[in-house]
>>> print(open('final-v7.txt').read())   # compact mmCIF, C-alpha atoms
# COMPACT_ATOMS: atom_id res chain seq x y z
CA MET A 196 145.01 -37.79 -105.28
CA GLN A 197 141.42 -37.16 -104.31
CA ILE A 198 139.30 -35.11 -106.67
CA ILE A 199 137.22 -32.61 -104.77
CA ASP A 200 135.21 -31.34 -107.71
CA SER A 201 135.01 -32.11 -111.41
CA PHE A 202 133.34 -30.46 -114.39
CA GLU A 203 133.20 -31.53 -118.02
CA LEU A 204 132.45 -29.84 -121.30
CA GLN A 205 132.50 -30.79 -124.94
CA ILE A 206 132.83 -28.16 -127.64
CA THR A 207 133.27 -28.27 -131.40
CA ASN A 208 136.31 -26.88 -133.19
CA GLU A 209 134.80 -23.50 -133.95
CA LEU A 210 136.13 -20.23 -132.54
CA ILE A 211 132.64 -19.13 -131.50
CA GLU A 212 132.62 -22.07 -129.08
CA LEU A 213 135.31 -20.33 -127.04
CA ARG A 214 132.65 -18.10 -125.54
CA ARG A 215 130.66 -21.12 -124.39
CA MET A 216 133.86 -22.55 -122.94
CA SER A 217 134.55 -19.33 -121.02
CA GLU A 218 131.03 -19.33 -119.61
CA TRP A 219 131.45 -22.93 -118.49
CA LEU A 220 134.75 -22.09 -116.79
CA HIS A 221 133.26 -19.05 -115.11
CA ASN A 222 130.33 -21.07 -113.79
CA ALA A 223 132.55 -23.91 -112.60
CA CYS A 224 134.90 -21.54 -110.78
CA GLY A 225 131.91 -19.81 -109.25
CA THR A 226 130.51 -23.12 -108.02
CA MET A 227 133.88 -23.88 -106.40
CA ASP A 228 133.93 -20.38 -104.91
CA LEU A 229 137.32 -19.58 -106.40
CA PRO A 230 138.75 -16.04 -106.45
CA GLU A 231 137.93 -13.91 -109.49
CA ALA A 232 141.61 -13.67 -110.42
CA VAL A 233 141.91 -17.47 -110.64
CA SER A 234 138.84 -17.65 -112.83
CA MET A 235 140.19 -14.94 -115.13
CA ASN A 236 143.64 -16.49 -115.44
CA LEU A 237 142.13 -19.86 -116.27
CA ASP A 238 139.77 -18.27 -118.79
CA LEU A 239 142.68 -16.59 -120.56
CA CYS A 240 144.87 -19.70 -120.62
CA ALA A 241 142.03 -21.89 -121.85
CA ASN A 242 141.23 -19.39 -124.59
CA GLU A 243 144.86 -19.32 -125.72
CA ALA A 244 145.29 -23.11 -125.63
CA VAL A 245 142.00 -24.04 -127.27
CA ALA A 246 142.28 -21.30 -129.93
CA ASN A 247 145.61 -22.84 -130.94
CA ILE A 248 143.97 -26.26 -131.17
CA ILE A 249 141.09 -24.99 -133.28
CA ASN A 250 143.42 -23.08 -135.59
CA TYR A 251 146.25 -25.57 -135.99
CA ALA A 252 145.43 -29.10 -134.87
CA TYR A 253 143.23 -30.11 -137.80
CA GLN A 254 144.17 -30.60 -141.42
CA ASP A 255 140.64 -31.19 -142.63
CA HIS A 256 137.56 -28.98 -142.55
CA ASP A 257 135.50 -31.46 -140.62
CA ARG A 258 133.73 -30.98 -137.37
CA HIS A 259 135.72 -32.22 -134.41
CA GLU A 260 135.03 -32.40 -130.74
CA ILE A 261 137.25 -31.07 -128.02
CA HIS A 262 136.78 -32.49 -124.55
CA MET A 263 137.54 -30.48 -121.48
CA ARG A 264 137.65 -31.43 -117.84
CA LEU A 265 138.24 -29.12 -114.91
CA GLU A 266 139.18 -30.71 -111.60
CA LEU A 267 139.94 -29.38 -108.17
CA LEU A 268 142.29 -31.75 -106.37
CA GLU A 269 142.68 -32.15 -102.63
CA ASP A 270 146.13 -30.50 -102.64
CA GLN A 271 144.47 -27.34 -103.97
CA ALA A 272 145.63 -27.87 -107.53
CA LEU A 273 143.19 -26.75 -110.20
CA CYS A 274 143.69 -28.78 -113.39
CA LEU A 275 142.23 -28.20 -116.80
CA THR A 276 142.60 -31.10 -119.22
CA ILE A 277 141.95 -30.49 -122.90
CA LYS A 278 141.67 -33.44 -125.26
CA ASP A 279 141.37 -33.28 -129.05
CA ASP A 280 141.61 -35.78 -131.90
CA GLY A 281 143.62 -33.57 -134.26
CA VAL A 282 147.01 -34.32 -135.75
CA PRO A 283 149.84 -34.69 -133.27
CA PHE A 284 150.18 -31.13 -132.08
CA ASN A 285 152.03 -29.88 -129.05
CA PRO A 286 150.98 -26.23 -128.65
CA PHE A 287 154.00 -25.61 -126.47
CA GLU A 288 156.40 -26.64 -129.22
CA ASN A 289 154.68 -26.47 -132.58
CA LEU A 290 154.21 -22.78 -133.18
CA PRO A 291 152.79 -22.06 -136.62
CA PRO A 292 154.96 -20.44 -139.29
CA VAL A 293 154.53 -16.71 -139.07
CA PRO A 294 153.15 -14.84 -142.08
CA PHE A 295 155.83 -12.15 -141.92
CA ASP A 296 159.49 -12.83 -141.56
CA LYS A 297 159.97 -10.58 -138.57
CA ILE A 298 161.08 -11.19 -135.03
CA GLU A 299 158.23 -9.07 -133.72
CA ASN A 300 155.66 -11.36 -135.29
CA THR A 301 157.41 -14.43 -133.99
CA LYS A 302 157.08 -12.89 -130.58
CA ILE A 303 153.39 -12.24 -131.15
CA GLY A 304 152.86 -15.84 -132.29
CA GLY A 305 154.35 -17.17 -129.10
CA LEU A 306 152.63 -14.65 -126.89
CA GLY A 307 149.68 -16.90 -126.07
CA ILE A 308 152.01 -19.67 -124.95
CA HIS A 309 154.05 -17.18 -122.93
CA LEU A 310 150.91 -16.03 -121.13
CA ILE A 311 149.92 -19.62 -120.34
CA ARG A 312 153.37 -20.38 -118.98
CA SER A 313 153.31 -17.20 -116.89
CA LEU A 314 149.93 -17.83 -115.36
CA MET A 315 149.92 -21.59 -114.84
CA ASN A 316 152.11 -23.60 -112.49
CA GLU A 317 152.26 -26.60 -114.80
CA CYS A 318 151.70 -27.13 -118.51
CA ASN A 319 151.87 -30.62 -119.91
CA TYR A 320 151.36 -32.16 -123.30
CA ARG A 321 151.14 -35.82 -124.16
CA ARG A 322 149.81 -37.90 -127.00
CA SER A 323 147.71 -40.92 -126.13
CA GLU A 324 145.30 -43.10 -128.10
CA ASN A 325 145.45 -40.76 -131.09
CA LYS A 326 144.52 -37.79 -128.96
CA ASN A 327 146.38 -34.65 -127.97
CA ILE A 328 146.10 -34.11 -124.24
CA VAL A 329 147.02 -30.76 -122.76
CA THR A 330 146.91 -30.24 -119.01
CA LEU A 331 147.15 -26.84 -117.38
CA SER A 332 147.45 -26.63 -113.59
CA ALA A 333 147.29 -23.79 -111.14
CA ASN A 334 148.16 -24.18 -107.50
CA LEU A 335 145.58 -22.23 -105.58
CA ASN A 336 147.83 -21.98 -102.54
CA GLN A 337 150.34 -19.85 -104.39
CA ALA A 338 149.78 -16.18 -105.11
CA SER A 339 150.10 -16.93 -108.83
CA THR A 340 148.43 -13.65 -109.71
CA HIS A 341 151.65 -11.91 -108.78
CA PHE A 342 154.03 -13.99 -110.86
CA LEU A 343 155.39 -12.15 -113.84
CA SER A 344 158.01 -14.65 -114.98
CA PRO A 345 157.27 -17.93 -116.77
CA GLN A 346 156.22 -20.53 -114.25
CA CYS A 347 156.03 -23.75 -116.14
CA SER A 348 157.97 -25.49 -118.84
CA ALA A 349 156.16 -27.87 -121.12
CA MET B 138 139.37 28.89 -131.21
CA LEU B 139 136.97 26.39 -132.69
CA PHE B 140 136.72 23.13 -130.82
CA LEU B 141 135.42 20.28 -132.87
CA GLN B 142 134.68 16.81 -131.57
CA PHE B 143 134.03 14.03 -134.02
CA LEU B 144 132.49 10.96 -132.54
CA THR B 145 132.21 7.66 -134.31
CA PHE B 146 130.64 4.79 -132.51
CA LYS B 147 130.11 1.17 -133.28
CA GLN B 148 128.27 -1.34 -131.13
CA GLY B 149 128.86 -4.84 -132.29
CA ALA B 150 127.49 -8.00 -130.82
CA TYR B 151 130.55 -8.43 -128.61
CA MET B 152 132.63 -5.28 -128.48
CA LYS B 153 132.05 -1.55 -128.53
CA ILE B 154 134.50 0.85 -130.17
CA GLN B 155 134.28 4.63 -130.09
CA GLY B 156 136.53 7.24 -131.62
CA GLU B 157 136.83 10.80 -130.42
CA GLN B 158 138.87 13.69 -131.73
CA LEU B 159 140.49 15.55 -128.86
CA ASP B 160 142.35 18.86 -128.83
CA GLY B 161 145.81 19.02 -130.26
CA ASN B 162 145.39 16.44 -133.01
CA VAL B 163 145.00 13.63 -130.50
CA TYR B 164 142.56 10.86 -131.27
CA LYS B 165 141.08 8.75 -128.49
CA ILE B 166 139.82 5.25 -129.22
CA SER B 167 137.68 3.73 -126.48
CA LEU B 168 137.21 0.00 -126.35
CA GLU B 169 134.63 -1.82 -124.30
CA GLY B 170 133.94 -5.51 -123.90
CA ARG B 171 135.74 -8.79 -124.21
CA MET B 172 138.82 -8.80 -126.41
CA ASP B 173 139.04 -12.48 -127.11
CA ILE B 174 139.28 -13.81 -130.68
CA ILE B 175 135.63 -13.13 -131.49
CA GLY B 176 135.63 -9.67 -129.92
CA THR B 177 138.94 -8.63 -131.44
CA GLN B 178 137.93 -9.79 -134.91
CA GLU B 179 134.81 -7.69 -134.60
CA ILE B 180 136.65 -4.41 -134.02
CA ASP B 181 140.03 -5.09 -135.64
CA LEU B 182 139.28 -3.42 -138.97
CA LYS B 183 137.56 -0.45 -137.37
CA PHE B 184 140.41 0.01 -134.91
CA THR B 185 143.00 -0.11 -137.67
CA GLY B 186 141.03 2.47 -139.61
CA MET B 187 140.83 4.78 -136.61
CA ALA B 188 144.55 4.46 -135.93
CA ALA B 189 145.57 4.94 -139.55
CA ALA B 190 147.42 7.82 -141.20
CA PRO B 191 147.36 10.77 -141.02
CA ARG B 192 146.65 10.31 -137.30
CA LYS B 193 149.85 10.25 -135.26
CA SER B 194 148.73 10.64 -131.66
CA ILE B 195 146.44 7.91 -130.37
CA ILE B 196 145.16 7.26 -126.86
CA VAL B 197 143.48 3.88 -126.43
CA ASP B 198 141.12 3.90 -123.47
CA ILE B 199 140.68 0.29 -122.43
CA SER B 200 139.01 0.89 -119.08
CA GLY B 201 135.96 -0.94 -120.43
CA VAL B 202 137.87 -4.02 -121.53
CA ASP B 203 137.38 -6.90 -119.11
CA PHE B 204 139.26 -9.61 -120.97
CA LEU B 205 142.33 -9.38 -123.19
CA ALA B 206 143.77 -12.34 -125.10
CA SER B 207 146.96 -12.45 -127.15
CA ILE B 208 145.03 -11.67 -130.33
CA GLY B 209 143.81 -8.43 -128.76
CA ILE B 210 147.35 -7.57 -127.69
CA ARG B 211 148.44 -8.32 -131.23
CA THR B 212 146.01 -5.77 -132.66
CA LEU B 213 147.37 -3.13 -130.29
CA LEU B 214 150.97 -4.05 -131.16
CA VAL B 215 150.53 -4.14 -134.93
CA ASN B 216 148.84 -0.75 -135.00
CA THR B 217 151.41 0.73 -132.63
CA LYS B 218 154.24 -0.40 -134.86
CA ALA B 219 152.55 1.19 -137.85
CA ILE B 220 152.07 4.45 -135.95
CA ASN B 221 155.63 4.42 -134.62
CA ASN B 222 156.93 3.92 -138.15
CA ARG B 223 155.14 7.13 -139.13
CA GLY B 224 156.80 8.95 -136.23
CA GLY B 225 153.66 8.87 -134.10
CA LYS B 226 152.73 7.50 -130.69
CA LEU B 227 150.04 5.27 -129.25
CA VAL B 228 149.47 4.91 -125.52
CA ILE B 229 147.09 2.89 -123.37
CA LEU B 230 144.84 4.58 -120.85
CA ASN B 231 143.29 3.10 -117.71
CA PRO B 232 143.50 -0.66 -118.01
CA ASP B 233 141.91 -2.32 -115.02
CA ALA B 234 144.25 -4.15 -112.65
CA ASN B 235 143.86 -7.60 -114.21
CA ILE B 236 144.25 -6.31 -117.76
CA GLU B 237 147.31 -4.29 -116.79
CA LYS B 238 148.84 -7.40 -115.28
CA ILE B 239 148.43 -9.22 -118.59
CA LEU B 240 149.90 -6.28 -120.52
CA LEU B 241 152.94 -6.21 -118.22
CA MET B 242 153.28 -9.98 -118.47
CA ALA B 243 153.33 -9.66 -122.24
CA GLY B 244 156.04 -7.01 -121.95
CA ILE B 245 153.96 -4.66 -124.03
CA ASN B 246 154.68 -1.61 -121.90
CA ASP B 247 158.10 -1.33 -123.52
CA LEU B 248 156.41 -0.44 -126.78
CA ILE B 249 153.10 0.96 -125.58
CA PRO B 250 153.24 3.12 -122.42
CA ILE B 251 150.40 2.73 -119.96
CA PHE B 252 148.83 5.70 -118.20
CA HIS B 253 146.19 5.98 -115.52
CA ASN B 254 144.98 9.48 -116.16
CA LEU B 255 144.14 11.39 -119.29
CA GLU B 256 146.49 14.29 -118.54
CA SER B 257 149.62 12.18 -118.53
CA ALA B 258 148.44 10.24 -121.59
CA LEU B 259 147.88 13.51 -123.44
CA ALA B 260 151.29 14.78 -122.40
CA ALA B 261 152.92 11.63 -123.76
CA VAL B 262 151.24 11.70 -127.18
CA ASN B 263 151.36 15.47 -127.61
CA LEU B 264 155.10 15.31 -127.79
CA GLU B 265 154.55 13.66 -131.13
CA ALA B 266 151.62 15.85 -132.17
CA PHE B 267 153.83 18.92 -132.23
CA ARG B 268 156.66 17.33 -134.13
CA ILE B 269 157.28 18.72 -137.56
CA ASP B 270 158.33 16.12 -140.10
>>> encode(input="final-v7.txt", output="structure tokens")
Amino acid sequence: MQIIDSFELQITNELIELRRMSEWLHNACGTMDLPEAVSMNLDLCANEAVANIINYAYQDHDRHEIHMRLELLEDQALCLTIKDDGVPFNPFENLPPVPFDKIENTKIGGLGIHLIRSLMNECNYRRSENKNIVTLSANLNQASTHFLSPQCSA
Amino acid sequence: MLFLQFLTFKQGAYMKIQGEQLDGNVYKISLEGRMDIIGTQEIDLKFTGMAAAPRKSIIVDISGVDFLASIGIRTLLVNTKAINNRGGKLVILNPDANIEKILLMAGINDLIPIFHNLESALAAVNLEAFRID
């Protein structure tokens, strides 16, 4: 599959870095002339996914690097790959224990994942070479902005 | 009849939050900016304070919010539950199209009604304002 365009970014595992990530995504989508809605959906999903990594993938208090790559493929698929060196952590399966023992809070905990699944066409997790690799894909040919039911299963 | 408007305003580095006392015991909280983790953390405490007892009728104007992550939705939900438990009501006013889409996707409109004009928002919360407990 031919890659039409590719962008890379490295951030550290600090929540403040999410703003830099969003700016990078916004600029990349602007360079590729993508619709605003696509850029916004991607921004939201990236924020949800990477926030989970920063909050739950590390058991130490060290500085870690998170690698991100955004690619536009020739079949009009937009893929965001997020790679971290934390403990084995599948954000689509390993939801953190909730602080309150209530169904409502369980729902809130999984809300970020629900949003990702609703907005993206594909969500994948795999573990390779001691890294967590999450891939989120949106098919630009589909009117994904109108989908209200979960699109992808991890 | 005396008409008093109390305005409290906070401009943080990322988000702006403003509270305004309206007629009929209704309190309007206006949010502006990016409600991601950083933005939400900045206003979370202030928002909770503005939505706290004895207030029972809250309108949250989010027309100025251009990004809403699950943590922002969580703040709205948690405060709404607290208000509902006191017999009150919180509604959302004027989300822009993209934000509304996210709110609907999250299924939040079951718990927090969304309105696109102040009159209907006032009508919805005033039902609670006139309740006698």
>>> closest_residue(input="final-v7.txt", among="A:Met263, A:Ala272, A:Leu306, A:Ile277", to="chain B", atoms="all atoms listed in the file")
A:Leu306
>>> interface_residues(input="final-v7.txt", of="chain A", to="chain B", cutoff="8 Å", atoms="only C-alpha atoms", output="JSON, numbers by chain")
{"A": [210, 211, 232, 235, 239, 242, 243, 303, 306, 307, 309, 310, 313, 343, 344]}
>>> atom_distance(input="final-v7.txt", atom1="atom CA of His262 of chain A", atom2="atom CA of Arg312 of chain A")
21.3 Å
>>> atom_distance(input="final-v7.txt", atom1="atom CA of Arg321 of chain A", atom2="atom CA of Tyr251 of chain A")
16.4 Å
>>> residues_around(input="final-v7.txt", residues="Met315 of chain A", least_positions_apart="3", cutoff="6 Å", atoms="all atoms listed in the file", output="list in words")
Ile311, Arg312, Ser332 and Ala333 of chain A
>>> write_last_selection(input="final-v7.txt", atoms="C-alpha atoms", output="mmCIF file, in the frame of the given file")
data_model
loop_
_atom_site.group_PDB
_atom_site.id
_atom_site.type_symbol
_atom_site.label_atom_id
_atom_site.label_comp_id
_atom_site.auth_asym_id
_atom_site.auth_seq_id
_atom_site.Cartn_x
_atom_site.Cartn_y
_atom_site.Cartn_z
ATOM 1 C CA ILE A 311 149.920 -19.620 -120.340
ATOM 2 C CA ARG A 312 153.370 -20.380 -118.980
ATOM 3 C CA SER A 332 147.450 -26.630 -113.590
ATOM 4 C CA ALA A 333 147.290 -23.790 -111.140
#
>>> atom_distance(input="final-v7.txt", atom1="atom CA of Glu237 of chain B", atom2="atom CA of Pro191 of chain B")
28.5 Å
>>> residues_around(input="final-v7.txt", residues="segment 280-283 of chain A", least_positions_apart="4", cutoff="6 Å", atoms="only C-alpha atoms", output="ChimeraX atom specification")
/A:252-253,326
>>> residues_around(input="final-v7.txt", residues="Ile154 of chain B", least_positions_apart="5", cutoff="12 Å", atoms="all atoms listed in the file", output="ChimeraX atom specification")
/B:144-149,165-172,176-177,179-187,197-202
>>> write_last_selection(input="final-v7.txt", atoms="C-alpha atoms", output="PDB file, in the frame of the given file")
ATOM      1  CA  LEU B 144     132.490  10.960-132.540  1.00  0.00           C
ATOM      2  CA  THR B 145     132.210   7.660-134.310  1.00  0.00           C
ATOM      3  CA  PHE B 146     130.640   4.790-132.510  1.00  0.00           C
ATOM      4  CA  LYS B 147     130.110   1.170-133.280  1.00  0.00           C
ATOM      5  CA  GLN B 148     128.270  -1.340-131.130  1.00  0.00           C
ATOM      6  CA  GLY B 149     128.860  -4.840-132.290  1.00  0.00           C
ATOM      7  CA  LYS B 165     141.080   8.750-128.490  1.00  0.00           C
ATOM      8  CA  ILE B 166     139.820   5.250-129.220  1.00  0.00           C
ATOM      9  CA  SER B 167     137.680   3.730-126.480  1.00  0.00           C
ATOM     10  CA  LEU B 168     137.210   0.000-126.350  1.00  0.00           C
ATOM     11  CA  GLU B 169     134.630  -1.820-124.300  1.00  0.00           C
ATOM     12  CA  GLY B 170     133.940  -5.510-123.900  1.00  0.00           C
ATOM     13  CA  ARG B 171     135.740  -8.790-124.210  1.00  0.00           C
ATOM     14  CA  MET B 172     138.820  -8.800-126.410  1.00  0.00           C
ATOM     15  CA  GLY B 176     135.630  -9.670-129.920  1.00  0.00           C
ATOM     16  CA  THR B 177     138.940  -8.630-131.440  1.00  0.00           C
ATOM     17  CA  GLU B 179     134.810  -7.690-134.600  1.00  0.00           C
ATOM     18  CA  ILE B 180     136.650  -4.410-134.020  1.00  0.00           C
ATOM     19  CA  ASP B 181     140.030  -5.090-135.640  1.00  0.00           C
ATOM     20  CA  LEU B 182     139.280  -3.420-138.970  1.00  0.00           C
ATOM     21  CA  LYS B 183     137.560  -0.450-137.370  1.00  0.00           C
ATOM     22  CA  PHE B 184     140.410   0.010-134.910  1.00  0.00           C
ATOM     23  CA  THR B 185     143.000  -0.110-137.670  1.00  0.00           C
ATOM     24  CA  GLY B 186     141.030   2.470-139.610  1.00  0.00           C
ATOM     25  CA  MET B 187     140.830   4.780-136.610  1.00  0.00           C
ATOM     26  CA  VAL B 197     143.480   3.880-126.430  1.00  0.00           C
ATOM     27  CA  ASP B 198     141.120   3.900-123.470  1.00  0.00           C
ATOM     28  CA  ILE B 199     140.680   0.290-122.430  1.00  0.00           C
ATOM     29  CA  SER B 200     139.010   0.890-119.080  1.00  0.00           C
ATOM     30  CA  GLY B 201     135.960  -0.940-120.430  1.00  0.00           C
ATOM     31  CA  VAL B 202     137.870  -4.020-121.530  1.00  0.00           C
TER      32      VAL B 202
END
>>> residues_near_point(input="final-v7.txt", point="(132.0, -34.7, -114.4)", cutoff="9 Å", atoms="all atoms listed in the file", output="ChimeraX atom specification")
/A:200-204,264-266
>>> closest_residue(input="final-v7.txt", among="A:Glu317, A:Glu218, A:Asp279, A:Glu209", to="His256 of chain A", atoms="only C-alpha atoms")
A:Glu209
>>> axis_aligned_box(input="final-v7.txt", around="segment 176-189 of chain B", padding_each_side="4 Å", output="lines of an AutoDock Vina configuration file")
center_x = 140.2
center_y = -2.4
center_z = -134.8
size_x = 18.8
size_y = 22.7
size_z = 17.7
>>> closest_residue(input="final-v7.txt", among="B:Ala261, B:Ile245, B:Ile251, B:Ala189", to="Asn231 of chain B", atoms="all atoms listed in the file")
B:Ile251
